[in-house]
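**Q** Pasting model36.txt below, which is compact mmCIF, C-alpha atoms and all ligand atoms.
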```
# COMPACT_ATOMS: atom_id res chain seq x y z
CA MET M 1 16.38 55.00 -21.02
CA GLY M 2 12.69 55.60 -21.52
CA SER M 3 10.60 57.16 -18.80
CA LEU M 4 8.56 54.98 -16.46
CA PRO M 5 5.17 56.70 -16.33
CA TRP M 6 3.52 53.71 -14.58
CA LEU M 7 6.04 53.97 -11.71
CA ARG M 8 5.50 57.72 -11.27
CA HIS M 9 1.77 57.16 -11.35
CA LYS M 10 2.00 54.39 -8.72
CA LYS M 11 4.08 56.60 -6.42
CA LYS M 12 1.59 59.44 -6.69
CA ASP M 13 -1.21 57.23 -5.41
CA ILE M 14 0.38 56.75 -1.99
CA PRO M 15 -0.65 59.58 0.38
CA GLY M 16 2.37 61.26 1.98
CA ASP M 17 1.16 60.70 5.53
CA LEU M 18 0.27 56.99 5.18
CA TRP M 19 3.61 55.94 6.64
CA VAL M 20 5.65 58.18 8.94
CA ARG M 21 9.20 57.71 10.17
CA CYS M 22 9.51 58.50 13.88
CA THR M 23 12.26 61.03 14.58
CA GLY M 24 12.58 59.51 18.08
CA CYS M 25 13.02 55.75 17.49
CA LYS M 26 13.46 55.86 13.66
CA GLN M 27 10.80 53.18 13.23
CA THR M 28 8.22 53.41 10.46
CA LEU M 29 4.74 54.03 11.80
CA PHE M 30 1.33 53.70 10.25
CA GLY M 31 0.01 57.28 9.97
CA LYS M 32 -3.40 56.35 11.31
CA ASP M 33 -1.90 54.74 14.44
CA LEU M 34 -0.04 58.00 15.06
CA ASP M 35 -3.25 60.02 14.61
CA ASP M 36 -5.09 57.72 17.03
CA GLN M 37 -2.37 58.39 19.63
CA PHE M 38 -2.57 62.21 19.44
CA LYS M 39 0.58 62.25 17.26
CA VAL M 40 2.62 60.48 19.94
CA CYS M 41 4.77 57.56 18.75
CA PRO M 42 3.16 54.32 20.06
CA LYS M 43 6.62 52.67 20.12
CA CYS M 44 8.84 55.22 21.90
CA GLY M 45 6.52 58.00 23.16
CA HIS M 46 8.10 60.71 20.99
CA HIS M 47 5.74 63.71 20.77
CA PHE M 48 5.48 64.89 17.15
CA PRO M 49 4.98 68.66 16.71
CA ILE M 50 1.32 69.50 16.10
CA SER M 51 -0.54 72.43 14.59
CA SER M 52 -2.65 74.84 16.63
CA HIS M 53 -5.72 73.23 14.99
CA LEU M 54 -4.82 69.81 16.40
CA ARG M 55 -3.87 71.31 19.78
CA ILE M 56 -7.32 72.86 20.04
CA ALA M 57 -8.98 69.58 18.98
CA TYR M 58 -6.90 67.49 21.42
CA THR M 59 -7.34 69.84 24.39
CA LEU M 60 -10.81 71.34 24.30
CA ASP M 61 -14.19 69.61 24.50
CA PRO M 62 -15.64 69.12 21.00
CA ALA M 63 -17.39 72.14 19.42
CA THR M 64 -16.64 74.49 22.34
CA TRP M 65 -13.88 76.60 20.69
CA HIS M 66 -14.86 80.20 19.96
CA GLU M 67 -11.92 82.13 18.53
CA TYR M 68 -11.37 85.88 19.07
CA ASP M 69 -9.56 88.37 16.82
CA ALA M 70 -8.65 85.79 14.16
CA GLY M 71 -8.33 88.57 11.58
CA MET M 72 -5.66 90.58 13.44
CA GLY M 73 -2.51 90.80 11.31
CA ALA M 74 0.98 92.31 11.73
CA VAL M 75 2.20 95.63 10.31
CA ASP M 76 5.71 96.08 8.90
CA SER M 77 6.59 99.11 11.06
CA LEU M 78 10.35 98.93 10.40
CA GLY M 79 10.31 98.13 6.67
CA PHE M 80 12.37 95.06 7.59
CA ILE M 81 14.06 93.04 4.85
CA ASP M 82 16.40 90.07 5.37
CA ASN M 83 16.35 87.39 2.66
CA LYS M 84 12.94 88.78 1.64
CA PRO M 85 10.66 91.60 2.83
CA TYR M 86 8.81 90.94 6.10
CA PRO M 87 5.33 91.37 4.50
CA ASP M 88 6.22 88.56 2.04
CA LYS M 89 7.18 86.28 4.93
CA LEU M 90 3.90 87.08 6.64
CA SER M 91 1.88 86.23 3.55
CA ASP M 92 3.87 82.99 3.02
CA ALA M 93 3.14 81.98 6.62
CA ALA M 94 -0.51 82.91 6.20
CA SER M 95 -0.94 80.78 3.09
CA ARG M 96 0.90 77.87 4.74
CA THR M 97 -1.20 77.90 7.91
CA GLY M 98 -4.49 79.56 6.95
CA LEU M 99 -3.90 81.99 9.84
CA ARG M 100 -3.19 85.73 9.99
CA GLU M 101 -0.75 85.43 12.90
CA ALA M 102 1.07 82.97 15.18
CA MET M 103 -1.18 83.38 18.24
CA ARG M 104 -4.78 82.20 18.57
CA TYR M 105 -7.01 82.72 21.57
CA GLY M 106 -10.65 82.40 22.53
CA LEU M 107 -13.15 80.71 24.78
CA GLY M 108 -13.51 76.97 25.18
CA ARG M 109 -14.23 74.19 27.63
CA VAL M 110 -12.06 71.44 29.09
CA GLU M 111 -14.00 68.57 30.68
CA GLY M 112 -16.87 71.02 31.08
CA HIS M 113 -14.81 73.82 32.68
CA GLU M 114 -15.04 77.11 30.79
CA ILE M 115 -11.62 78.69 30.16
CA VAL M 116 -9.85 81.27 28.07
CA PHE M 117 -7.52 79.24 25.86
CA GLY M 118 -4.61 80.41 23.73
CA VAL M 119 -2.10 78.57 21.57
CA LEU M 120 0.93 79.53 19.52
CA GLU M 121 1.21 78.16 15.99
CA PHE M 122 4.86 77.17 15.47
CA ARG M 123 4.43 76.87 11.68
CA PHE M 124 3.72 80.61 11.55
CA MET M 125 7.24 82.10 11.60
CA GLY M 126 8.37 79.73 14.34
CA GLY M 127 5.66 80.90 16.74
CA SER M 128 7.66 84.08 17.19
CA MET M 129 6.24 86.88 19.34
CA GLY M 130 5.72 90.19 17.60
CA VAL M 131 3.23 92.95 18.29
CA VAL M 132 0.16 90.86 17.33
CA VAL M 133 1.18 87.83 19.41
CA GLY M 134 1.83 90.11 22.40
CA GLU M 135 -1.47 91.90 21.88
CA LYS M 136 -3.42 88.64 21.60
CA VAL M 137 -1.79 87.18 24.73
CA THR M 138 -2.66 90.42 26.55
CA ARG M 139 -6.25 90.32 25.28
CA ALA M 140 -6.54 86.67 26.37
CA VAL M 141 -5.37 87.66 29.86
CA GLU M 142 -7.82 90.57 29.97
CA LEU M 143 -10.69 88.40 28.71
CA ALA M 144 -9.97 85.87 31.47
CA ARG M 145 -9.85 88.69 34.03
CA ASP M 146 -13.09 90.30 32.84
CA ARG M 147 -14.99 87.01 32.64
CA GLY M 148 -13.52 85.60 35.87
CA LEU M 149 -12.24 82.52 34.00
CA PRO M 150 -9.04 80.49 34.30
CA LEU M 151 -6.46 81.07 31.56
CA VAL M 152 -4.61 78.27 29.76
CA LEU M 153 -1.90 79.19 27.23
CA VAL M 154 0.15 76.79 25.12
CA ALA M 155 3.61 77.93 24.03
CA ALA M 156 5.66 76.72 21.05
CA SER M 157 8.06 79.44 20.01
CA GLY M 158 11.50 80.39 18.78
CA GLY M 159 11.25 83.61 20.81
CA ALA M 160 10.82 87.27 19.94
CA ARG M 161 10.23 88.21 16.27
CA MET M 162 13.36 90.01 15.15
CA HIS M 163 11.54 91.53 12.15
CA GLU M 164 9.74 93.84 14.58
CA GLY M 165 12.85 94.82 16.55
CA ILE M 166 12.30 96.56 19.87
CA LEU M 167 8.52 96.44 19.36
CA SER M 168 8.67 92.65 19.70
CA LEU M 169 10.82 92.82 22.86
CA MET M 170 8.29 95.24 24.35
CA GLN M 171 5.71 92.44 24.27
CA MET M 172 7.59 90.66 27.06
CA ALA M 173 6.92 93.53 29.47
CA LYS M 174 3.41 94.08 28.15
CA THR M 175 2.26 90.47 28.58
CA CYS M 176 3.86 90.15 32.03
CA SER M 177 2.27 93.42 33.13
CA ALA M 178 -1.16 92.11 32.04
CA LEU M 179 -0.51 88.87 33.94
CA ALA M 180 0.47 90.78 37.09
CA GLY M 181 -2.90 92.59 36.93
CA PHE M 182 -4.66 89.26 36.36
CA ARG M 183 -2.99 87.76 39.42
CA GLU M 184 -3.94 90.78 41.55
CA ALA M 185 -7.54 90.30 40.40
CA GLY M 186 -7.44 86.71 41.69
CA GLY M 187 -6.96 85.08 38.30
CA PHE M 188 -5.48 81.62 37.73
CA PHE M 189 -3.10 80.84 34.87
CA ILE M 190 -1.81 77.50 33.59
CA SER M 191 0.99 77.50 31.02
CA LEU M 192 1.88 74.49 28.86
CA CYS M 193 5.37 74.60 27.36
CA THR M 194 5.70 72.40 24.27
CA HIS M 195 8.70 71.70 22.05
CA PRO M 196 10.33 74.18 21.65
CA THR M 197 9.60 77.04 24.05
CA THR M 198 12.51 79.46 23.88
CA GLY M 199 13.73 83.06 23.89
CA GLY M 200 11.42 85.94 24.74
CA VAL M 201 8.36 83.71 25.20
CA THR M 202 10.14 81.63 27.86
CA ALA M 203 11.49 84.83 29.42
CA SER M 204 7.99 86.28 29.75
CA TRP M 205 4.47 84.82 29.90
CA ALA M 206 5.24 81.11 29.36
CA MET M 207 7.11 80.92 32.70
CA ALA M 208 4.96 83.45 34.60
CA ALA M 209 2.11 81.03 35.34
CA ASP M 210 0.65 79.69 38.57
CA LEU M 211 1.21 76.19 37.20
CA ILE M 212 3.78 75.44 34.52
CA LEU M 213 3.21 72.20 32.63
CA ALA M 214 5.35 70.77 29.85
CA GLU M 215 5.20 67.99 27.30
CA PRO M 216 7.78 65.18 27.63
CA GLU M 217 11.25 65.98 26.24
CA ALA M 218 10.22 69.52 25.25
CA LEU M 219 13.15 71.92 24.86
CA ILE M 220 12.54 74.87 27.17
CA GLY M 221 15.12 77.62 27.57
CA PHE M 222 16.18 81.14 26.80
CA ALA M 223 19.39 81.02 24.76
CA GLY M 224 20.47 77.80 23.03
CA PRO M 225 23.05 75.46 24.64
CA ARG M 226 25.85 76.46 22.23
CA VAL M 227 25.50 80.14 23.12
CA ILE M 228 25.52 79.34 26.84
CA GLU M 229 28.55 77.01 26.58
CA GLY M 230 30.38 79.69 24.62
CA THR M 231 29.57 82.30 27.27
CA ILE M 232 30.29 80.38 30.48
CA LYS M 233 33.11 78.26 28.93
CA LYS M 234 31.74 75.11 30.54
CA LYS M 235 30.20 71.89 29.25
CA LEU M 236 26.48 71.71 30.03
CA PRO M 237 25.02 68.66 31.81
CA PRO M 238 23.20 65.98 29.79
CA GLY M 239 19.52 66.70 29.17
CA PHE M 240 20.05 70.43 29.81
CA GLN M 241 16.94 72.48 28.92
CA THR M 242 14.66 69.44 28.56
CA ALA M 243 11.35 69.37 30.43
CA GLU M 244 12.67 66.46 32.55
CA PHE M 245 15.80 68.43 33.57
CA LEU M 246 13.71 71.50 34.48
CA LEU M 247 11.24 69.41 36.51
CA ASP M 248 14.16 67.94 38.45
CA LYS M 249 15.43 71.48 39.18
CA GLY M 250 11.99 72.70 40.26
CA GLN M 251 11.56 75.14 37.39
CA ILE M 252 8.37 73.55 36.06
CA ASP M 253 5.57 71.81 37.97
CA MET M 254 4.47 68.82 35.90
CA ILE M 255 5.24 66.87 32.75
CA VAL M 256 2.02 65.81 31.06
CA PRO M 257 1.95 63.36 28.14
CA ARG M 258 -0.31 64.68 25.38
CA GLN M 259 -2.82 61.82 25.70
CA GLU M 260 -3.39 62.80 29.35
CA LEU M 261 -3.54 66.57 28.85
CA ARG M 262 -7.29 67.05 28.69
CA ALA M 263 -7.95 64.85 31.74
CA THR M 264 -5.12 66.51 33.71
CA LEU M 265 -6.33 70.02 32.90
CA GLY M 266 -9.87 68.99 33.81
CA LYS M 267 -8.65 67.72 37.18
CA LEU M 268 -6.57 70.85 37.90
CA LEU M 269 -9.40 73.19 36.89
CA GLY M 270 -11.75 71.17 39.09
CA TYR M 271 -9.75 72.28 42.17
CA LEU M 272 -10.67 75.94 41.56
CA PRO M 273 -13.65 77.55 43.23
CA ASP M 274 -16.47 77.81 40.72
CA PRO M 275 -17.31 80.38 39.47
CA ARG M 276 -14.01 82.15 40.07
CA LYS M 277 -14.96 85.82 40.19
CA PRO M 278 -12.32 88.53 39.76
CA VAL M 279 -11.76 90.98 42.60
CA LEU M 280 -11.68 93.94 40.19
CA ALA M 281 -14.50 94.80 37.83
CA SER M 282 -13.69 95.20 34.13
CA GLY M 283 -11.49 98.21 33.40
CA GLU M 284 -10.77 99.07 37.05
CA GLY M 285 -7.21 99.39 38.17
CA THR M 286 -5.85 99.96 34.67
CA ALA M 287 -4.00 103.06 33.64
ZN ZN S 1 9.17 56.45 18.03
```
Let's see the structure in the file written out as structure tokens.
**A**
Amino acid sequence: MGSLPWLRHKKKDIPGDLWVRCTGCKQTLFGKDLDDQFKVCPKCGHHFPISSHLRIAYTLDPATWHEYDAGMGAVDSLGFIDNKPYPDKLSDAASRTGLREAMRYGLGRVEGHEIVFGVLEFRFMGGSMGVVVGEKVTRAVELARDRGLPLVLVAASGGARMHEGILSLMQMAKTCSALAGFREAGGFFISLCTHPTTGGVTASWAMAADLILAEPEALIGFAGPRVIEGTIKKKLPPGFQTAEFLLDKGQIDMIVPRQELRATLGKLLGYLPDPRKPVLASGEGTA
């Protein structure tokens, strides 16, 4: 059999994202239709995972994003090696995403309201929380406190970053401690849990908000269902750990489809007194 160069050439000409198969309804979608719908399937409403870049574009008012500490990168304190050394994994993630770490934060506006905004990038090592993610969440909280601004954080995470051992677990206490200080200073915090929000991120800042929002069908939990079933020796109810299940049990406050997120945040932020000044001045009350 001879080769078929014309066929290979023809295949190459079709961009990979022209047609997309929906993982929800299995139908084939026109890529542009999906883009026009904020990466939500127009047929079944399935929310496709999105990058932090798209999350910022979909949530904030155009040209209002001002990122802080984008150059902060992790250190391999433990000399951790699993299938490859931790520094190699970090550089792979960096070249894949164009980011130095999984967390991004900064200033922005939603429907005209100035906020401190932060978002986890799931493509960077599963949005896992190590020292840098914890530090950036803490800095976002402190920036909101010092500026007297509301804080909005978007979670998408597999949990704590095992490559940093106990240092990663420490970030749970650190971020929650910062949030406690923010609350005492009169701060207001909205958390958005997207698919998936799990492990140490769920067990710390993502669920420690004044208002907890979630995207439809997002998986939100600490340990996975198989681990829990194995521990309690019971079958879990259908829909366990979905946003809908948690809303029904009163564990989250609202489910917001992605297309309505900006308008919903704008409405919620509009209820706050403006400007919302902190009770404490910058630096006061900290050890
Ligand atoms: Zn679909």
**Q** Using only C-alpha atoms, collect all residues at a distance of at most 12 Å from (-17.6, 74.4, 19.2) as written in the file, then present them as number ranges by chain.
**A** M: 56-57, 60-67, 106-110
**Q** Sorted by chain and rising residue number, which residues of range 20-69 of chain M lie within 12 Å of range 246-265 of chain M, and what are their closest atom pairs and distances in Å to one decimal, counting all atoms listed in the file, as JSON lines?
**A**
```
{"residue": "M:Leu34", "atom": "CA", "partner": "M:Gln259", "partner_atom": "CA", "distance": 11.6}
{"residue": "M:Asp35", "atom": "CA", "partner": "M:Gln259", "partner_atom": "CA", "distance": 11.2}
{"residue": "M:Asp36", "atom": "CA", "partner": "M:Gln259", "partner_atom": "CA", "distance": 9.9}
{"residue": "M:Gln37", "atom": "CA", "partner": "M:Gln259", "partner_atom": "CA", "distance": 7.0}
{"residue": "M:Phe38", "atom": "CA", "partner": "M:Gln259", "partner_atom": "CA", "distance": 6.3}
{"residue": "M:Lys39", "atom": "CA", "partner": "M:Arg258", "partner_atom": "CA", "distance": 8.5}
{"residue": "M:Val40", "atom": "CA", "partner": "M:Arg258", "partner_atom": "CA", "distance": 7.5}
{"residue": "M:Cys41", "atom": "CA", "partner": "M:Arg258", "partner_atom": "CA", "distance": 11.0}
{"residue": "M:Pro42", "atom": "CA", "partner": "M:Gln259", "partner_atom": "CA", "distance": 11.1}
{"residue": "M:Gly45", "atom": "CA", "partner": "M:Pro257", "partner_atom": "CA", "distance": 8.6}
{"residue": "M:His46", "atom": "CA", "partner": "M:Pro257", "partner_atom": "CA", "distance": 9.8}
{"residue": "M:His47", "atom": "CA", "partner": "M:Arg258", "partner_atom": "CA", "distance": 7.7}
{"residue": "M:Phe48", "atom": "CA", "partner": "M:Arg258", "partner_atom": "CA", "distance": 10.1}
{"residue": "M:Pro49", "atom": "CA", "partner": "M:Arg258", "partner_atom": "CA", "distance": 10.9}
{"residue": "M:Ile50", "atom": "CA", "partner": "M:Arg258", "partner_atom": "CA", "distance": 10.6}
{"residue": "M:Leu54", "atom": "CA", "partner": "M:Arg258", "partner_atom": "CA", "distance": 11.3}
{"residue": "M:Arg55", "atom": "CA", "partner": "M:Arg258", "partner_atom": "CA", "distance": 9.4}
{"residue": "M:Ile56", "atom": "CA", "partner": "M:Arg262", "partner_atom": "CA", "distance": 10.4}
{"residue": "M:Ala57", "atom": "CA", "partner": "M:Arg262", "partner_atom": "CA", "distance": 10.2}
{"residue": "M:Tyr58", "atom": "CA", "partner": "M:Arg262", "partner_atom": "CA", "distance": 7.3}
{"residue": "M:Thr59", "atom": "CA", "partner": "M:Arg262", "partner_atom": "CA", "distance": 5.1}
{"residue": "M:Leu60", "atom": "CA", "partner": "M:Arg262", "partner_atom": "CA", "distance": 7.1}
{"residue": "M:Asp61", "atom": "CA", "partner": "M:Arg262", "partner_atom": "CA", "distance": 8.5}
{"residue": "M:Pro62", "atom": "CA", "partner": "M:Arg262", "partner_atom": "CA", "distance": 11.5}
```
**Q** Write out as a list of chain:residue names each polymer residue whose atoms come within 9 Å of Ala209 in chain M, counting all atoms listed in the file; drop sequence neighbours fewer than 2 positions from it.
**A**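 My reading of the contact set: M:Leu179, M:Phe188, M:Phe189, M:Ile190, M:Ser191, M:Trp205, M:Ala206, M:Met207, M:Leu211, M:Ile212.
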**Q** So, with all atoms listed in the file as the atoms that count, which of M:Gly24, M:Gly230, M:Gly118, M:Pro150 lies closest to Asp69 in chain M?
**A**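 Going through M:Gly24, M:Gly230, M:Gly118, M:Pro150 one by one, the smallest distance to Asp69 in chain M is for M:Gly118.
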**Q** Show me, as a list of chain:residue names, the residues that have an atom within 7 Å of range 88-105 of chain M when counting all atoms listed in the file, minus same-chain residues fewer than 3 positions from it.
**A**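 Answer for this query is M:Glu67, M:Tyr68, M:Ala70, M:Gly71, M:Met72, M:Gly73, M:Lys84, M:Pro85, M:Phe117, M:Gly118, M:Val119, M:Leu120, M:Glu121, M:Phe122, M:Arg123, M:Phe124, M:Met125, M:Gly127, M:Ser128, M:Val133, M:Lys136, M:Ala140.
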**Q** What is the CA of Cys193 in chain M to CA of Ala74 in chain M distance in Å?
**A** 24.0 Å
**Q** Between CA of Ser157 in chain M and CA of Arg21 in chain M, what is the distance, to one decimal in Å?
**A**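 So the two atoms, CA of Ser157 in chain M and CA of Arg21 in chain M, lie 23.9 Å apart.
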**Q** Select, from M:Asn83, M:Met172, M:Ala156, M:Val227, the residue with the minimum atom-to-atom distance to Gly126 in chain M, counting only C-alpha atoms.
**A** M:Ala156
**Q** For CA of Cys176 in chain M and CA of Thr198 in chain M, quote the distance in Å rounded to one decimal.
**A**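 CA of Cys176 in chain M sits 16.0 Å away from CA of Thr198 in chain M.
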**Q** Given only C-alpha atoms and all ligand atoms as the basis, pick out the residue of M:Asp17, M:Asp33, M:Glu114, M:Asp146 nearest to ligand ZN 1 (chain S).
**A**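 Checking each candidate against ligand ZN 1 (chain S), we get M:Asp33 as the closest.
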